[in-house]
Structure formats: structure tokens, C-alpha cells
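Reproduced below: entry_5.csv, with CSV, C-alpha atoms.
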chain,number,residue,atom,x,y,z
A,1,MET,CA,107.7,67.6,73.6
A,2,GLN,CA,107.2,70.1,76.5
A,3,LYS,CA,106.1,72.7,74.0
A,4,VAL,CA,103.6,70.4,72.4
A,5,ILE,CA,102.1,69.3,75.7
A,6,ILE,CA,101.8,72.9,77.0
A,7,ARG,CA,100.2,74.0,73.7
A,8,PHE,CA,97.7,71.2,74.2
A,9,LEU,CA,97.1,72.2,77.8
A,10,ASP,CA,96.7,75.9,76.7
A,11,ILE,CA,93.9,74.9,74.3
A,12,VAL,CA,92.1,72.6,76.6
A,13,ILE,CA,92.3,74.9,79.7
A,14,ALA,CA,91.5,78.1,77.7
A,15,LEU,CA,88.5,76.4,76.0
A,16,ALA,CA,87.2,75.0,79.3
A,17,ALA,CA,87.7,78.4,81.0
A,18,LEU,CA,85.8,80.2,78.3
A,19,ILE,CA,82.9,77.8,78.6
A,20,MET,CA,82.8,77.9,82.4
A,21,LEU,CA,83.3,81.6,82.6
A,22,SER,CA,80.9,82.5,79.8
A,23,PRO,CA,78.2,83.9,82.2
A,24,VAL,CA,80.9,86.2,83.7
A,25,LEU,CA,82.1,87.2,80.3
A,26,ILE,CA,78.5,88.1,79.2
A,27,VAL,CA,77.8,90.1,82.3
A,28,VAL,CA,81.0,92.0,82.2
A,29,SER,CA,80.5,92.7,78.5
A,30,VAL,CA,77.1,94.2,79.3
A,31,LEU,CA,78.4,96.2,82.2
A,32,VAL,CA,81.3,97.6,80.1
A,33,PHE,CA,78.9,98.5,77.3
A,34,PHE,CA,76.7,100.6,79.7
A,35,ASP,CA,79.8,102.1,81.3
A,36,LEU,CA,81.8,102.9,78.2
A,37,GLY,CA,79.8,102.0,75.2
A,38,PHE,CA,81.1,100.1,72.2
A,39,SER,CA,83.5,98.4,71.8
A,40,VAL,CA,83.6,96.4,75.0
A,41,PHE,CA,87.0,95.2,74.1
A,42,PHE,CA,90.3,97.1,74.1
A,43,VAL,CA,92.5,95.9,71.3
A,44,GLN,CA,96.2,96.8,71.4
A,45,LYS,CA,99.2,95.9,69.3
A,46,ARG,CA,101.8,94.0,71.4
A,47,PHE,CA,105.0,92.1,70.6
A,48,GLY,CA,104.7,88.3,70.7
A,49,LEU,CA,107.0,85.4,70.1
A,50,ASP,CA,110.2,86.5,68.3
A,51,GLY,CA,108.9,90.1,68.2
A,52,LYS,CA,106.0,89.3,65.9
A,53,PRO,CA,103.2,91.9,66.5
A,54,PHE,CA,99.7,90.7,67.4
A,55,ASN,CA,96.4,92.2,68.7
A,56,MET,CA,95.9,91.6,72.4
A,57,LEU,CA,92.4,91.7,73.8
A,58,LYS,CA,91.2,93.1,77.1
A,59,PHE,CA,87.9,94.3,78.5
A,60,ARG,CA,87.9,98.1,78.3
A,61,SER,CA,88.5,99.7,81.7
A,62,MET,CA,89.4,103.3,80.8
A,63,ARG,CA,87.8,106.3,79.2
A,64,ASN,CA,89.2,107.5,75.9
A,65,VAL,CA,90.2,110.9,77.1
A,66,GLU,CA,93.5,112.7,76.9
A,67,LEU,CA,95.4,113.5,80.1
A,68,ASP,CA,95.7,117.3,80.4
A,69,GLY,CA,98.8,117.3,82.5
A,70,THR,CA,97.2,118.6,85.7
A,71,GLU,CA,96.7,115.1,87.2
A,72,GLN,CA,99.2,113.7,89.7
A,73,LEU,CA,100.6,111.0,87.6
A,74,GLU,CA,103.1,108.4,88.8
A,75,LYS,CA,104.5,105.9,86.4
A,76,VAL,CA,104.8,102.3,87.7
A,77,ASN,CA,108.4,102.4,86.5
A,78,LYS,CA,110.6,104.5,84.2
A,79,TYR,CA,110.4,102.1,81.3
A,80,THR,CA,106.7,101.5,80.8
A,81,ILE,CA,103.7,103.8,80.2
A,82,LYS,CA,101.4,102.3,82.9
A,83,LEU,CA,100.4,104.7,85.6
A,84,LYS,CA,99.4,104.3,89.2
A,85,ASN,CA,96.0,105.8,90.1
A,86,ASP,CA,95.3,106.5,86.4
A,87,PRO,CA,92.3,109.0,86.4
A,88,ARG,CA,91.0,107.5,83.1
A,89,ILE,CA,90.1,104.2,84.9
A,90,THR,CA,86.4,104.0,85.6
A,91,ARG,CA,84.9,102.6,88.8
A,92,LEU,CA,83.9,99.4,87.0
A,93,GLY,CA,87.4,99.4,85.4
A,94,ALA,CA,89.1,99.5,88.8
A,95,VAL,CA,87.1,96.4,89.9
A,96,ILE,CA,87.8,94.3,86.8
A,97,ARG,CA,91.5,95.3,86.9
A,98,LYS,CA,91.8,94.5,90.6
A,99,THR,CA,90.3,91.0,90.0
A,100,SER,CA,92.1,90.6,86.6
A,101,ILE,CA,88.8,90.0,84.9
A,102,ASP,CA,89.8,92.5,82.3
A,103,GLU,CA,92.4,90.0,81.1
A,104,LEU,CA,89.9,87.2,80.4
A,105,PRO,CA,89.4,88.0,76.7
A,106,GLN,CA,93.1,87.0,76.3
A,107,LEU,CA,91.8,83.4,76.5
A,108,LEU,CA,90.9,83.9,72.8
A,109,ASN,CA,94.5,85.0,72.2
A,110,VAL,CA,95.6,81.7,73.8
A,111,LEU,CA,93.2,79.7,71.5
A,112,THR,CA,94.6,81.4,68.4
A,113,GLY,CA,98.2,80.6,69.5
A,114,THR,CA,99.5,84.2,69.8
A,115,MET,CA,99.7,83.8,73.6
A,116,SER,CA,100.0,81.0,76.2
A,117,LEU,CA,98.5,80.8,79.6
A,118,VAL,CA,102.0,81.2,81.1
A,119,GLY,CA,104.8,83.4,79.8
A,120,PRO,CA,106.2,86.9,79.9
A,121,ARG,CA,103.5,89.6,79.7
A,122,PRO,CA,103.4,91.1,76.2
A,123,TRP,CA,104.3,94.8,76.0
A,124,VAL,CA,103.6,97.4,73.4
A,125,PRO,CA,106.2,98.1,70.8
A,126,ALA,CA,106.8,101.7,72.0
A,127,GLU,CA,108.0,100.4,75.4
A,128,TYR,CA,110.8,98.4,73.7
A,129,GLU,CA,112.3,101.6,72.4
A,130,ASN,CA,113.4,102.4,76.0
A,131,PHE,CA,114.7,98.9,76.8
A,132,PRO,CA,118.4,97.7,76.7
A,133,LYS,CA,118.9,95.3,73.8
A,134,SER,CA,119.6,92.5,76.3
A,135,TRP,CA,116.0,92.7,77.5
A,136,PHE,CA,114.8,91.6,74.1
A,137,SER,CA,115.6,88.0,75.2
A,138,ARG,CA,112.1,87.8,76.7
A,139,LEU,CA,110.7,87.8,73.1
A,140,LYS,CA,112.1,84.3,72.6
A,141,THR,CA,109.3,82.9,74.7
A,142,LYS,CA,105.6,83.0,73.8
A,143,PRO,CA,103.9,85.7,75.9
A,144,GLY,CA,101.4,84.7,78.5
A,145,ILE,CA,98.4,85.8,80.5
A,146,THR,CA,100.3,85.2,83.7
A,147,GLY,CA,103.9,84.4,84.5
A,148,LEU,CA,106.6,84.4,87.2
A,149,ALA,CA,106.6,88.2,87.5
A,150,GLN,CA,102.8,88.2,88.1
A,151,ILE,CA,103.1,85.9,91.1
A,152,ASN,CA,106.2,87.6,92.5
A,153,GLY,CA,105.1,91.2,92.7
A,154,ARG,CA,103.6,92.1,89.3
A,155,SER,CA,103.5,95.8,88.7
A,156,ASP,CA,105.5,96.7,91.8
A,157,LEU,CA,108.6,94.8,90.6
A,158,PRO,CA,111.6,96.7,89.3
A,159,MET,CA,111.9,96.0,85.5
A,160,GLU,CA,115.2,94.2,86.1
A,161,ASP,CA,113.4,91.7,88.2
A,162,ILE,CA,110.6,91.2,85.7
A,163,ILE,CA,113.2,90.4,83.0
A,164,ARG,CA,115.0,88.0,85.4
A,165,PHE,CA,111.7,86.2,86.0
A,166,ASP,CA,110.9,86.1,82.3
A,167,ASN,CA,114.2,84.5,81.5
A,168,GLU,CA,113.8,82.1,84.4
A,169,TRP,CA,110.6,80.8,82.9
A,170,ALA,CA,112.4,80.2,79.6
A,171,LYS,CA,115.1,78.2,81.4
A,172,ARG,CA,112.8,76.2,83.5
A,173,PHE,CA,110.1,75.8,80.9
A,174,SER,CA,108.2,72.6,81.8
A,175,VAL,CA,104.7,71.2,82.4
A,176,PRO,CA,105.1,71.0,86.2
A,177,PHE,CA,106.4,74.6,86.4
A,178,TYR,CA,103.5,75.6,84.1
A,179,PHE,CA,101.0,74.2,86.6
A,180,GLU,CA,102.9,75.7,89.6
A,181,ILE,CA,102.6,79.2,88.1
A,182,LEU,CA,98.9,78.7,87.3
A,183,ILE,CA,98.1,77.6,90.8
A,184,LYS,CA,100.1,80.5,92.4
A,185,THR,CA,98.4,82.9,90.0
A,186,ALA,CA,94.9,81.9,91.3
A,187,LEU,CA,96.1,82.5,94.9
A,188,SER,CA,97.6,85.9,93.8
A,189,ILE,CA,94.3,87.0,92.3
A,190,VAL,CA,92.4,86.1,95.4
A,191,LYS,CA,94.8,88.4,97.4
A,192,GLY,CA,94.3,91.1,94.8
A,193,LYS,CA,97.8,92.7,95.3
A,194,ASN,CA,100.0,94.7,92.9
A,195,THR,CA,97.3,95.5,90.3
A,196,TYR,CA,96.9,98.8,88.5

What is this structure when it is put down as C-alpha cells?
Amino acid sequence: MQKVIIRFLDIVIALAALIMLSPVLIVVSVLVFFDLGFSVFFVQKRFGLDGKPFNMLKFRSMRNVELDGTEQLEKVNKYTIKLKNDPRITRLGAVIRKTSIDELPQLLNVLTGTMSLVGPRPWVPAEYENFPKSWFSRLKTKPGITGLAQINGRSDLPMEDIIRFDNEWAKRFSVPFYFEILIKTALSIVKGKNTY
């Protein structure tokens, strides 16, 4: 019953958010077009529930250029491919990433059912090649736009803590906990911490 209710809430909240935020989505789409051209969306294959691949949407925030190795590149952690101070990120891209506006297109993923508003963040298949098999347990829960890791440190967390938070969501999965995470996410976005 909790899953049914949360799926219903996902649809209602995502649809309402898309309608209310449509002016923002249109403006950002135009800005991204003038900044980076077509397409305004970045589409990337990610692992979803039970490891099923799906196409996750984001607003583009980076130039399509190859890193030549001369940049000072620091990985967020040893397991993922995300970089701190990535030189490919445009000035507009830095703003929409800092405010998490780049994630708004994932509301469409929520409507289609490949994602939930709350759950473990979906990662690319290549990253799972470096993970211990025990970490694959996070795939037993539908991925989300936000989650426990996002409100407890996000990109600055050690991977072990991210996995722990992902598993805690699966254990405490409930409607009240769902709303608690959404509210804390809003507060975290206002603070603008731990975003790259």
C-alpha cells in the first residue's frame, strides 16, 4: 500500500510541479539553447529499479569537449566519474547545477515511472563496474530525484555513507518519511551546499 500511495503522490506532485514550474523550464530551455545549442536536454543511460537501464533527463550544463589532461581534475570520490570544478561546466551550467534546476527534467522520468521523487540517485552502468557487489542492493529501490544522501551531504559524502543512506531509505520506506525527505531537500537547495 505504501508503494501505491507513493506512486500516486509521485504523479500528482510531479505533474503539479511541471505545471507550476513551466515558466522556469521554458526560460532555462531558451538560455541553455543560446548557451550550448541543441539539444537543451542531456540524456544519459542510468540503472533503475532492479538494474533495468533507462534514459535519465537533465538540462545540459557542460560543453561537449574532451578533457586534454592538463586541467587540475579532482574526482568527487574514487568510485564515480563526477569531477569537482569540472572545466566543461559553463557559467549558466554552474548556476543551474548549484540550484539543482538542471534536475527538473527528471520530473518527466517520475511521470513515466522510471524514477520516483525520493530514492537512491541513479548512476551510470560504468560506475557499477567499480562497486563491491554488496552495493548493488541499492538497485532494489526505484531511483529518485532526491534522497537521504542528498539531504545529508550529497556529493561530499563517502560512498560507503551514500550506500548506507540508500539502504536506510529502503528499510524505512513510508509516506511520512517520503515527505520528510522532500521538505529537507527544499531546505538543502536553498542552502546550495555540496553541489558540483

Contacts of A:Ser116 within 10 Å, all atoms listed in the file, excl. fewer than 4 positions in-chain, as a list in words:
Ile6, Arg7, Leu9, Asp10, Ile11, Ala14, Gln106, Leu107, Asn109, Val110, Leu111, Thr112, Pro120, Arg121, Thr141, Lys142, Pro143, Gly144, Ile145, Thr146 and Gly147 of chain A

In file coordinates, which residues lie within 12 Å of (86.0, 95.1, 89.6) using only C-alpha atoms, given as a PyMOL selection string?
chain A and resi 24+28+31-32+59-61+89-103+189+192+195-196

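Going from atom CA of A:Lys45 to atom CA of A:Pro125 covers 7.5 Å.
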
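Each of A:Asn152, A:Asn167, A:Ser39, A:Ser174 was compared to A:Trp135 using all atoms listed in the file, and A:Asn167 turns out to be the nearest.
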
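Taking atom CA of A:Lys191 and atom CA of A:Asp156 as the two end points, the separation is 14.7 Å.
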
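Taking atom CA of A:Val124 as the reference point, atom CA of A:Met62 is found at 17.1 Å.
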
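The residues that lie within 12 Å of the point (106.7, 78.5, 90.8), counting all atoms listed in the file, are Val118, Thr146, Gly147, Leu148, Ala149, Gln150, Ile151, Asn152, Phe165, Glu168, Trp169, Arg172, Phe173, Ser174, Val175, Pro176, Phe177, Tyr178, Phe179, Glu180, Ile181, Leu182, Ile183, Lys184 and Thr185 of chain A.
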
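The smallest atom-to-atom distance between A:Gln44 and any of A:Asp86, A:Ile19, A:Ala126, A:Gly113, using all atoms listed in the file, is found for A:Ala126.
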
Counting all atoms listed in the file, the residue among A:Gly153, A:Ala186, A:Met159, A:Pro122 that lies closest to A:Asp50 is A:Pro122
